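Colleague: mmCIF, N, CA and C atoms, saved as entry24.cif, coming up:
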data_upload
#
loop_
_atom_site.label_atom_id
_atom_site.label_comp_id
_atom_site.auth_asym_id
_atom_site.auth_seq_id
_atom_site.Cartn_x
_atom_site.Cartn_y
_atom_site.Cartn_z
N SER A 1 2.09 -6.42 -25.14
CA SER A 1 1.08 -6.53 -24.10
C SER A 1 1.19 -7.88 -23.40
N ILE A 2 0.86 -7.88 -22.12
CA ILE A 2 0.84 -9.12 -21.34
C ILE A 2 -0.41 -9.14 -20.48
N LEU A 3 -0.70 -10.28 -19.90
CA LEU A 3 -1.83 -10.40 -18.98
C LEU A 3 -1.45 -9.66 -17.70
N GLY A 4 -2.25 -8.67 -17.34
CA GLY A 4 -1.92 -7.82 -16.21
C GLY A 4 -2.53 -8.30 -14.91
N ASP A 5 -2.31 -7.48 -13.86
CA ASP A 5 -2.84 -7.81 -12.54
C ASP A 5 -3.48 -6.59 -11.86
N ASN A 6 -3.85 -5.59 -12.63
CA ASN A 6 -4.41 -4.37 -12.07
C ASN A 6 -5.89 -4.55 -11.75
N PRO A 7 -6.26 -4.44 -10.46
CA PRO A 7 -7.66 -4.64 -10.09
C PRO A 7 -8.57 -3.47 -10.48
N SER A 8 -8.03 -2.43 -11.07
CA SER A 8 -8.87 -1.31 -11.50
C SER A 8 -9.61 -1.61 -12.79
N CYS A 9 -9.27 -2.68 -13.44
CA CYS A 9 -9.95 -3.07 -14.67
C CYS A 9 -11.42 -3.38 -14.34
N SER A 10 -12.34 -2.76 -15.07
CA SER A 10 -13.75 -2.87 -14.70
C SER A 10 -14.31 -4.28 -14.89
N ARG A 11 -14.04 -4.90 -16.02
CA ARG A 11 -14.54 -6.25 -16.29
C ARG A 11 -13.50 -7.03 -17.08
N GLY A 12 -13.38 -8.29 -16.77
CA GLY A 12 -12.48 -9.14 -17.54
C GLY A 12 -11.03 -8.97 -17.17
N PRO A 13 -10.15 -9.58 -17.97
CA PRO A 13 -8.73 -9.55 -17.67
C PRO A 13 -8.09 -8.22 -18.06
N PRO A 14 -7.16 -7.74 -17.26
CA PRO A 14 -6.47 -6.50 -17.62
C PRO A 14 -5.27 -6.78 -18.52
N LEU A 15 -4.96 -5.83 -19.36
CA LEU A 15 -3.75 -5.89 -20.18
C LEU A 15 -2.70 -5.00 -19.53
N ALA A 16 -1.45 -5.38 -19.66
CA ALA A 16 -0.34 -4.59 -19.14
C ALA A 16 0.74 -4.50 -20.21
N ILE A 17 1.64 -3.57 -20.03
CA ILE A 17 2.74 -3.41 -20.97
C ILE A 17 3.87 -4.33 -20.52
N GLY A 18 4.34 -5.18 -21.41
CA GLY A 18 5.43 -6.09 -21.08
C GLY A 18 6.78 -5.51 -21.48
N TRP A 19 7.83 -6.19 -21.10
CA TRP A 19 9.19 -5.74 -21.41
C TRP A 19 9.65 -6.20 -22.78
N LYS A 20 9.06 -7.27 -23.30
CA LYS A 20 9.47 -7.80 -24.61
C LYS A 20 8.71 -7.06 -25.71
N TYR A 21 9.40 -6.80 -26.80
CA TYR A 21 8.75 -6.17 -27.93
C TYR A 21 9.37 -6.68 -29.22
N ASP A 22 8.64 -6.48 -30.29
CA ASP A 22 9.11 -6.92 -31.60
C ASP A 22 9.83 -5.75 -32.24
N SER A 23 11.15 -5.87 -32.39
CA SER A 23 11.93 -4.75 -32.93
C SER A 23 11.56 -4.44 -34.38
N ALA A 24 10.99 -5.40 -35.10
CA ALA A 24 10.57 -5.15 -36.48
C ALA A 24 9.39 -4.20 -36.53
N LYS A 25 8.61 -4.14 -35.45
CA LYS A 25 7.43 -3.28 -35.42
C LYS A 25 7.71 -1.90 -34.83
N VAL A 26 8.95 -1.65 -34.40
CA VAL A 26 9.31 -0.37 -33.80
C VAL A 26 9.51 0.66 -34.91
N THR A 27 8.87 1.82 -34.77
CA THR A 27 9.05 2.90 -35.73
C THR A 27 9.55 4.13 -34.99
N THR A 28 10.40 4.87 -35.65
CA THR A 28 10.94 6.10 -35.08
C THR A 28 10.32 7.26 -35.82
N ILE A 29 9.83 8.23 -35.06
CA ILE A 29 9.26 9.42 -35.69
C ILE A 29 9.93 10.65 -35.07
N PRO A 30 10.04 11.71 -35.84
CA PRO A 30 10.63 12.94 -35.30
C PRO A 30 9.76 13.49 -34.16
N ILE A 31 10.40 14.17 -33.23
CA ILE A 31 9.69 14.70 -32.06
C ILE A 31 8.61 15.70 -32.48
N ASP A 32 8.88 16.49 -33.52
CA ASP A 32 7.87 17.47 -33.97
C ASP A 32 6.62 16.78 -34.48
N ALA A 33 6.79 15.69 -35.19
CA ALA A 33 5.63 14.94 -35.69
C ALA A 33 4.85 14.33 -34.53
N PHE A 34 5.59 13.87 -33.52
CA PHE A 34 4.92 13.30 -32.35
C PHE A 34 4.11 14.36 -31.61
N GLU A 35 4.72 15.53 -31.41
CA GLU A 35 4.04 16.59 -30.67
C GLU A 35 2.89 17.21 -31.45
N ASP A 36 2.96 17.17 -32.77
CA ASP A 36 1.91 17.77 -33.59
C ASP A 36 0.75 16.82 -33.89
N ARG A 37 0.86 15.58 -33.47
CA ARG A 37 -0.21 14.61 -33.75
C ARG A 37 -1.48 15.02 -33.00
N PRO A 38 -2.64 14.60 -33.49
CA PRO A 38 -3.89 14.92 -32.77
C PRO A 38 -3.89 14.23 -31.40
N GLN A 39 -4.40 14.92 -30.42
CA GLN A 39 -4.46 14.37 -29.08
C GLN A 39 -5.48 13.22 -29.02
N ILE A 40 -5.14 12.20 -28.25
CA ILE A 40 -6.01 11.04 -28.10
C ILE A 40 -6.66 11.13 -26.72
N SER A 41 -7.96 10.95 -26.67
CA SER A 41 -8.62 10.98 -25.37
C SER A 41 -8.43 9.65 -24.67
N GLU A 42 -8.58 9.65 -23.37
CA GLU A 42 -8.41 8.40 -22.63
C GLU A 42 -9.46 7.36 -23.02
N PHE A 43 -10.60 7.81 -23.49
CA PHE A 43 -11.66 6.88 -23.90
C PHE A 43 -11.28 6.14 -25.20
N ASP A 44 -10.42 6.77 -26.02
CA ASP A 44 -9.96 6.10 -27.24
C ASP A 44 -9.04 4.93 -26.91
N LEU A 45 -8.44 4.95 -25.74
CA LEU A 45 -7.51 3.90 -25.34
C LEU A 45 -8.20 2.73 -24.65
N LEU A 46 -9.45 2.88 -24.28
CA LEU A 46 -10.17 1.82 -23.58
C LEU A 46 -10.51 0.67 -24.52
N MET A 47 -10.38 -0.53 -23.98
CA MET A 47 -10.77 -1.72 -24.73
C MET A 47 -11.83 -2.45 -23.92
N ASP A 48 -12.83 -2.99 -24.60
CA ASP A 48 -13.82 -3.76 -23.85
C ASP A 48 -13.27 -5.15 -23.55
N ARG A 49 -14.00 -5.88 -22.75
CA ARG A 49 -13.55 -7.20 -22.28
C ARG A 49 -13.23 -8.14 -23.45
N ALA A 50 -14.10 -8.17 -24.45
CA ALA A 50 -13.91 -9.08 -25.58
C ALA A 50 -12.62 -8.76 -26.34
N GLU A 51 -12.35 -7.46 -26.53
CA GLU A 51 -11.12 -7.07 -27.23
C GLU A 51 -9.87 -7.49 -26.44
N ARG A 52 -9.91 -7.29 -25.12
CA ARG A 52 -8.76 -7.67 -24.29
C ARG A 52 -8.56 -9.19 -24.32
N GLU A 53 -9.66 -9.94 -24.20
CA GLU A 53 -9.55 -11.41 -24.24
C GLU A 53 -9.02 -11.88 -25.59
N GLU A 54 -9.49 -11.28 -26.65
CA GLU A 54 -9.02 -11.66 -27.99
C GLU A 54 -7.53 -11.35 -28.15
N THR A 55 -7.11 -10.21 -27.66
CA THR A 55 -5.70 -9.83 -27.73
C THR A 55 -4.85 -10.82 -26.95
N LEU A 56 -5.30 -11.19 -25.76
CA LEU A 56 -4.54 -12.14 -24.94
C LEU A 56 -4.48 -13.52 -25.58
N LEU A 57 -5.58 -13.95 -26.18
CA LEU A 57 -5.58 -15.24 -26.88
C LEU A 57 -4.63 -15.22 -28.07
N ASP A 58 -4.60 -14.09 -28.80
CA ASP A 58 -3.67 -13.94 -29.92
C ASP A 58 -2.21 -13.96 -29.45
N LEU A 59 -1.98 -13.49 -28.22
CA LEU A 59 -0.62 -13.48 -27.67
C LEU A 59 -0.19 -14.84 -27.13
N GLY A 60 -1.13 -15.81 -27.09
CA GLY A 60 -0.78 -17.15 -26.67
C GLY A 60 -1.26 -17.55 -25.29
N TYR A 61 -2.01 -16.69 -24.64
CA TYR A 61 -2.56 -17.05 -23.32
C TYR A 61 -3.72 -18.02 -23.51
N THR A 62 -3.88 -18.93 -22.57
CA THR A 62 -4.96 -19.90 -22.65
C THR A 62 -6.21 -19.33 -21.99
N PRO A 63 -7.39 -19.80 -22.39
CA PRO A 63 -8.62 -19.34 -21.73
C PRO A 63 -8.58 -19.60 -20.22
N LYS A 64 -7.92 -20.70 -19.83
CA LYS A 64 -7.83 -21.04 -18.41
C LYS A 64 -7.00 -20.00 -17.65
N SER A 65 -5.88 -19.57 -18.23
CA SER A 65 -5.05 -18.57 -17.55
C SER A 65 -5.74 -17.21 -17.50
N ILE A 66 -6.50 -16.88 -18.54
CA ILE A 66 -7.25 -15.62 -18.56
C ILE A 66 -8.33 -15.65 -17.48
N ALA A 67 -9.03 -16.78 -17.35
CA ALA A 67 -10.08 -16.91 -16.34
C ALA A 67 -9.48 -16.85 -14.93
N ALA A 68 -8.32 -17.49 -14.74
CA ALA A 68 -7.67 -17.47 -13.43
C ALA A 68 -7.27 -16.04 -13.05
N ALA A 69 -6.73 -15.29 -14.01
CA ALA A 69 -6.34 -13.90 -13.74
C ALA A 69 -7.57 -13.06 -13.42
N THR A 70 -8.67 -13.30 -14.13
CA THR A 70 -9.90 -12.55 -13.88
C THR A 70 -10.42 -12.84 -12.47
N ARG A 71 -10.37 -14.12 -12.06
CA ARG A 71 -10.81 -14.47 -10.70
C ARG A 71 -9.92 -13.80 -9.64
N GLN A 72 -8.61 -13.75 -9.89
CA GLN A 72 -7.69 -13.11 -8.96
C GLN A 72 -8.00 -11.62 -8.84
N ILE A 73 -8.32 -11.00 -9.97
CA ILE A 73 -8.68 -9.58 -9.97
C ILE A 73 -9.92 -9.35 -9.11
N LEU A 74 -10.90 -10.23 -9.22
CA LEU A 74 -12.13 -10.10 -8.42
C LEU A 74 -11.82 -10.24 -6.93
N ARG A 75 -10.91 -11.16 -6.57
CA ARG A 75 -10.51 -11.30 -5.16
C ARG A 75 -9.80 -10.03 -4.67
N ASP A 76 -8.93 -9.48 -5.51
CA ASP A 76 -8.22 -8.26 -5.14
C ASP A 76 -9.18 -7.08 -4.98
N LYS A 77 -10.18 -7.00 -5.86
CA LYS A 77 -11.18 -5.94 -5.74
C LYS A 77 -11.95 -6.05 -4.43
N LYS A 78 -12.27 -7.28 -4.05
CA LYS A 78 -13.00 -7.51 -2.81
C LYS A 78 -12.15 -7.05 -1.62
N LYS A 79 -10.85 -7.34 -1.64
CA LYS A 79 -9.96 -6.91 -0.56
C LYS A 79 -9.88 -5.39 -0.50
N ARG A 80 -9.79 -4.74 -1.66
CA ARG A 80 -9.76 -3.27 -1.70
C ARG A 80 -11.04 -2.68 -1.11
N ARG A 81 -12.17 -3.28 -1.49
CA ARG A 81 -13.46 -2.80 -0.99
C ARG A 81 -13.53 -2.95 0.53
N GLN A 82 -13.05 -4.08 1.05
CA GLN A 82 -13.03 -4.29 2.50
C GLN A 82 -12.15 -3.26 3.19
N THR A 83 -11.01 -2.97 2.59
CA THR A 83 -10.10 -1.98 3.17
C THR A 83 -10.76 -0.61 3.23
N THR A 84 -11.39 -0.19 2.14
CA THR A 84 -12.03 1.13 2.14
C THR A 84 -13.21 1.16 3.10
N ASP A 85 -13.93 0.05 3.22
CA ASP A 85 -15.03 0.00 4.18
C ASP A 85 -14.51 0.10 5.61
N ASN A 86 -13.37 -0.56 5.88
CA ASN A 86 -12.80 -0.53 7.23
C ASN A 86 -12.20 0.83 7.58
N LEU A 87 -11.79 1.60 6.57
CA LEU A 87 -11.21 2.91 6.84
C LEU A 87 -12.23 3.85 7.48
N LYS A 88 -13.50 3.63 7.19
CA LYS A 88 -14.54 4.49 7.73
C LYS A 88 -14.62 4.41 9.25
N VAL A 89 -14.28 3.25 9.80
CA VAL A 89 -14.39 3.07 11.25
C VAL A 89 -13.03 3.03 11.94
N SER A 90 -11.94 3.16 11.18
CA SER A 90 -10.61 3.01 11.79
C SER A 90 -10.32 4.12 12.80
N TYR A 91 -10.77 5.34 12.54
CA TYR A 91 -10.53 6.44 13.47
C TYR A 91 -11.19 6.14 14.82
N ALA A 92 -12.43 5.68 14.78
CA ALA A 92 -13.13 5.34 16.02
C ALA A 92 -12.45 4.17 16.73
N GLU A 93 -12.00 3.18 15.98
CA GLU A 93 -11.30 2.03 16.58
C GLU A 93 -10.02 2.47 17.28
N GLU A 94 -9.28 3.39 16.67
CA GLU A 94 -8.04 3.88 17.28
C GLU A 94 -8.35 4.61 18.59
N LYS A 95 -9.40 5.40 18.62
CA LYS A 95 -9.78 6.12 19.84
C LYS A 95 -10.19 5.14 20.94
N VAL A 96 -10.94 4.12 20.58
CA VAL A 96 -11.35 3.11 21.55
C VAL A 96 -10.14 2.39 22.11
N GLU A 97 -9.18 2.02 21.25
CA GLU A 97 -7.96 1.35 21.71
C GLU A 97 -7.17 2.24 22.66
N GLY A 98 -7.07 3.53 22.34
CA GLY A 98 -6.37 4.47 23.22
C GLY A 98 -7.06 4.58 24.57
N PHE A 99 -8.38 4.61 24.55
CA PHE A 99 -9.14 4.68 25.79
C PHE A 99 -8.92 3.42 26.64
N LYS A 100 -8.96 2.25 25.98
CA LYS A 100 -8.72 0.99 26.69
C LYS A 100 -7.34 0.99 27.33
N LYS A 101 -6.35 1.47 26.59
CA LYS A 101 -4.97 1.50 27.08
C LYS A 101 -4.86 2.40 28.32
N SER A 102 -5.50 3.56 28.28
CA SER A 102 -5.42 4.46 29.44
C SER A 102 -6.15 3.88 30.64
N ILE A 103 -7.27 3.19 30.40
CA ILE A 103 -8.00 2.54 31.50
C ILE A 103 -7.13 1.45 32.12
N ARG A 104 -6.53 0.62 31.29
CA ARG A 104 -5.66 -0.44 31.80
C ARG A 104 -4.51 0.13 32.62
N ARG A 105 -3.92 1.19 32.11
CA ARG A 105 -2.79 1.80 32.80
C ARG A 105 -3.23 2.33 34.17
N ASN A 106 -4.40 2.95 34.22
CA ASN A 106 -4.88 3.51 35.49
C ASN A 106 -5.33 2.42 36.46
N ILE A 107 -5.98 1.40 35.95
CA ILE A 107 -6.47 0.34 36.83
C ILE A 107 -5.31 -0.49 37.37
N LEU A 108 -4.39 -0.84 36.49
CA LEU A 108 -3.28 -1.69 36.90
C LEU A 108 -2.11 -0.88 37.45
N LYS A 109 -2.27 0.44 37.48
CA LYS A 109 -1.24 1.35 38.00
C LYS A 109 0.08 1.18 37.26
N LYS A 110 -0.01 0.94 35.98
CA LYS A 110 1.20 0.84 35.19
C LYS A 110 1.70 2.25 34.92
N LYS A 111 2.99 2.38 34.94
CA LYS A 111 3.57 3.68 34.65
C LYS A 111 3.87 3.76 33.16
N GLY A 112 3.79 4.96 32.64
CA GLY A 112 4.09 5.16 31.22
C GLY A 112 5.58 5.06 30.96
N THR A 113 5.95 5.20 29.73
CA THR A 113 7.36 5.04 29.36
C THR A 113 8.23 6.16 29.93
N LYS A 114 7.69 7.36 30.11
CA LYS A 114 8.49 8.45 30.68
C LYS A 114 8.91 8.12 32.10
N GLU A 115 7.97 7.64 32.88
CA GLU A 115 8.30 7.29 34.26
C GLU A 115 9.28 6.14 34.32
N MET A 116 9.09 5.16 33.43
CA MET A 116 10.00 4.02 33.40
C MET A 116 11.42 4.48 33.02
N TYR A 117 11.52 5.41 32.07
CA TYR A 117 12.83 5.93 31.66
C TYR A 117 13.49 6.68 32.80
N LYS A 118 12.72 7.51 33.50
CA LYS A 118 13.28 8.26 34.65
C LYS A 118 13.82 7.31 35.71
N LYS A 119 13.07 6.26 35.99
CA LYS A 119 13.51 5.29 37.00
C LYS A 119 14.78 4.57 36.53
N TRP A 120 14.81 4.19 35.26
CA TRP A 120 15.99 3.53 34.72
C TRP A 120 17.21 4.44 34.78
N LYS A 121 17.00 5.71 34.39
CA LYS A 121 18.10 6.67 34.38
C LYS A 121 18.62 6.89 35.80
N LYS A 122 17.70 6.99 36.76
CA LYS A 122 18.09 7.21 38.15
C LYS A 122 18.91 6.02 38.66
N ASN A 123 18.46 4.80 38.38
CA ASN A 123 19.18 3.60 38.82
C ASN A 123 20.55 3.49 38.17
N ASN A 124 20.64 3.80 36.87
CA ASN A 124 21.93 3.70 36.19
C ASN A 124 22.90 4.75 36.67
N ILE A 125 22.42 5.94 36.94
CA ILE A 125 23.29 7.01 37.43
C ILE A 125 23.78 6.70 38.83
N SER A 126 22.88 6.16 39.66
CA SER A 126 23.29 5.86 41.04
C SER A 126 24.28 4.70 41.09
N GLN A 127 24.25 3.81 40.11
CA GLN A 127 25.18 2.68 40.09
C GLN A 127 26.55 3.08 39.55
N GLN A 128 26.59 4.14 38.77
CA GLN A 128 27.87 4.60 38.23
C GLN A 128 28.50 5.60 39.18
N LYS A 129 29.79 5.79 38.99
CA LYS A 129 30.48 6.79 39.81
C LYS A 129 30.43 8.11 39.07
N VAL A 130 29.36 8.84 39.31
CA VAL A 130 29.15 10.13 38.68
C VAL A 130 29.21 11.19 39.78
N PRO A 131 29.89 12.29 39.53
CA PRO A 131 29.96 13.34 40.55
C PRO A 131 28.56 13.78 40.96
N ALA A 132 28.40 14.15 42.19
CA ALA A 132 27.10 14.50 42.76
C ALA A 132 26.49 15.68 42.03
N ASP A 133 27.28 16.69 41.67
CA ASP A 133 26.71 17.87 40.99
C ASP A 133 26.18 17.51 39.59
N LEU A 134 26.88 16.60 38.89
CA LEU A 134 26.39 16.15 37.60
C LEU A 134 25.11 15.31 37.76
N ARG A 135 25.07 14.48 38.78
CA ARG A 135 23.90 13.66 39.06
C ARG A 135 22.69 14.55 39.30
N LYS A 136 22.86 15.66 40.02
CA LYS A 136 21.76 16.59 40.28
C LYS A 136 21.27 17.22 38.98
N MET A 137 22.21 17.55 38.10
CA MET A 137 21.81 18.17 36.82
C MET A 137 20.99 17.20 35.98
N LEU A 138 21.34 15.94 36.00
CA LEU A 138 20.64 14.94 35.19
C LEU A 138 19.30 14.52 35.78
N ALA A 139 19.12 14.69 37.05
CA ALA A 139 17.89 14.23 37.71
C ALA A 139 16.72 15.13 37.42
#
Please express what this file holds, its structure, as structure tokens.
Modeller:
Amino acid sequence: SILGDNPSCSRGPPLAIGWKYDSAKVTTIPIDAFEDRPQISEFDLLMDRAEREETLLDLGYTPKSIAAATRQILRDKKKRRQTTDNLKVSYAEEKVEGFKKSIRRNILKKKGTKEMYKKWKKNNISQQKVPADLRKMLA
């Protein structure tokens, strides 16, 4: 286990699975024994804040590093909450931006990209030596 960074942890520092392990503590069991074991509910896997902090302290983490990770988790949670709150109005914001864009285009008489492409294509074709019948097909 290592000090994690998952903001889904309800309180305190999260634990994560690290890449290092103690090979002396590794046990091999037959697949049948593994599949026949009693099922564990997700609630059996939950640890309260004190248990996680104690585990991290036993692993060599300092109280300062645990507190810093907990503060970072709280900042990340706040950002997630802001994002979900902003999602509620994002559809309306997109519609307003589209409306503003169409108003600007109409007021300033800007042409859309299709018209700009047609004009570019017409200018490039007229500058090249393209047979007249092919030019008509492309226009």
Colleague: Using DSSP on the backbone coordinates, identify all residues within stretch 16-131 of chain A classified as alpha helix (DSSP H); present the result as a ChimeraX atom specification.
Modeller: /A:31-36,49-58,63-107,113-127
Colleague: Which distance in Å separates atom CA of A:Glu115 and atom C of A:Lys101, to one decimal?
Modeller: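 It comes out at 15.2 Å.
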Colleague: Considering only C-alpha atoms, can you say which of A:Ala24, A:Ser10, A:Asn86, A:Asp36 comes closest to A:Arg49?
Modeller: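 Smallest separation from A:Arg49 among the options: A:Ser10.
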Colleague: Set the distance at 8 Å and use only N, CA and C atoms: which residues neighbour stretch 77-81 of chain A once local chain neighbours fewer than 5 positions away are removed? I'd like the list as a CSV table (one decimal) with N, CA and C atoms, in the frame of the given file.
Modeller:
chain,number,residue,atom,x,y,z
A,6,ASN,N,-3.8,-5.6,-12.6
A,6,ASN,CA,-4.4,-4.4,-12.1
A,6,ASN,C,-5.9,-4.6,-11.8
A,7,PRO,N,-6.3,-4.4,-10.5
A,7,PRO,CA,-7.7,-4.6,-10.1
A,7,PRO,C,-8.6,-3.5,-10.5
A,8,SER,N,-8.0,-2.4,-11.1
A,8,SER,CA,-8.9,-1.3,-11.5
A,8,SER,C,-9.6,-1.6,-12.8
A,71,ARG,N,-10.4,-14.1,-12.1
A,71,ARG,CA,-10.8,-14.5,-10.7
A,71,ARG,C,-9.9,-13.8,-9.6
A,72,GLN,N,-8.6,-13.8,-9.9
A,72,GLN,CA,-7.7,-13.1,-9.0
A,72,GLN,C,-8.0,-11.6,-8.8
A,86,ASN,N,-13.4,-0.6,5.9
A,86,ASN,CA,-12.8,-0.5,7.2
A,86,ASN,C,-12.2,0.8,7.6
A,87,LEU,N,-11.8,1.6,6.6
A,87,LEU,CA,-11.2,2.9,6.8
A,87,LEU,C,-12.2,3.8,7.5
Colleague: Could you please determine the separation between atom N of A:Asp48 and atom CA of A:Lys25 in Å, to one decimal place?
Modeller: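 If I compute the distance from atom N of A:Asp48 to atom CA of A:Lys25, I get 23.0 Å.
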Colleague: For atom CA of A:Ala69 and atom CA of A:Ile40, determine how far apart the two atoms are, in Å to one decimal place.
Modeller: 28.8 Å
Colleague: Enumerate, as a list in words, the residues matched when the PyMOL selection byres ((chain A and resi 15) around 8) is run on the file above.
Modeller: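 So the PyMOL selection byres ((chain A and resi 15) around 8), applied here, picks out Ser1, Ile2, Leu3, Gly4, Asp5, Asn6, Cys9, Gly12, Pro13, Pro14, Ala16, Ile17, Gly18, Arg52, Glu53 and Leu56 of chain A.
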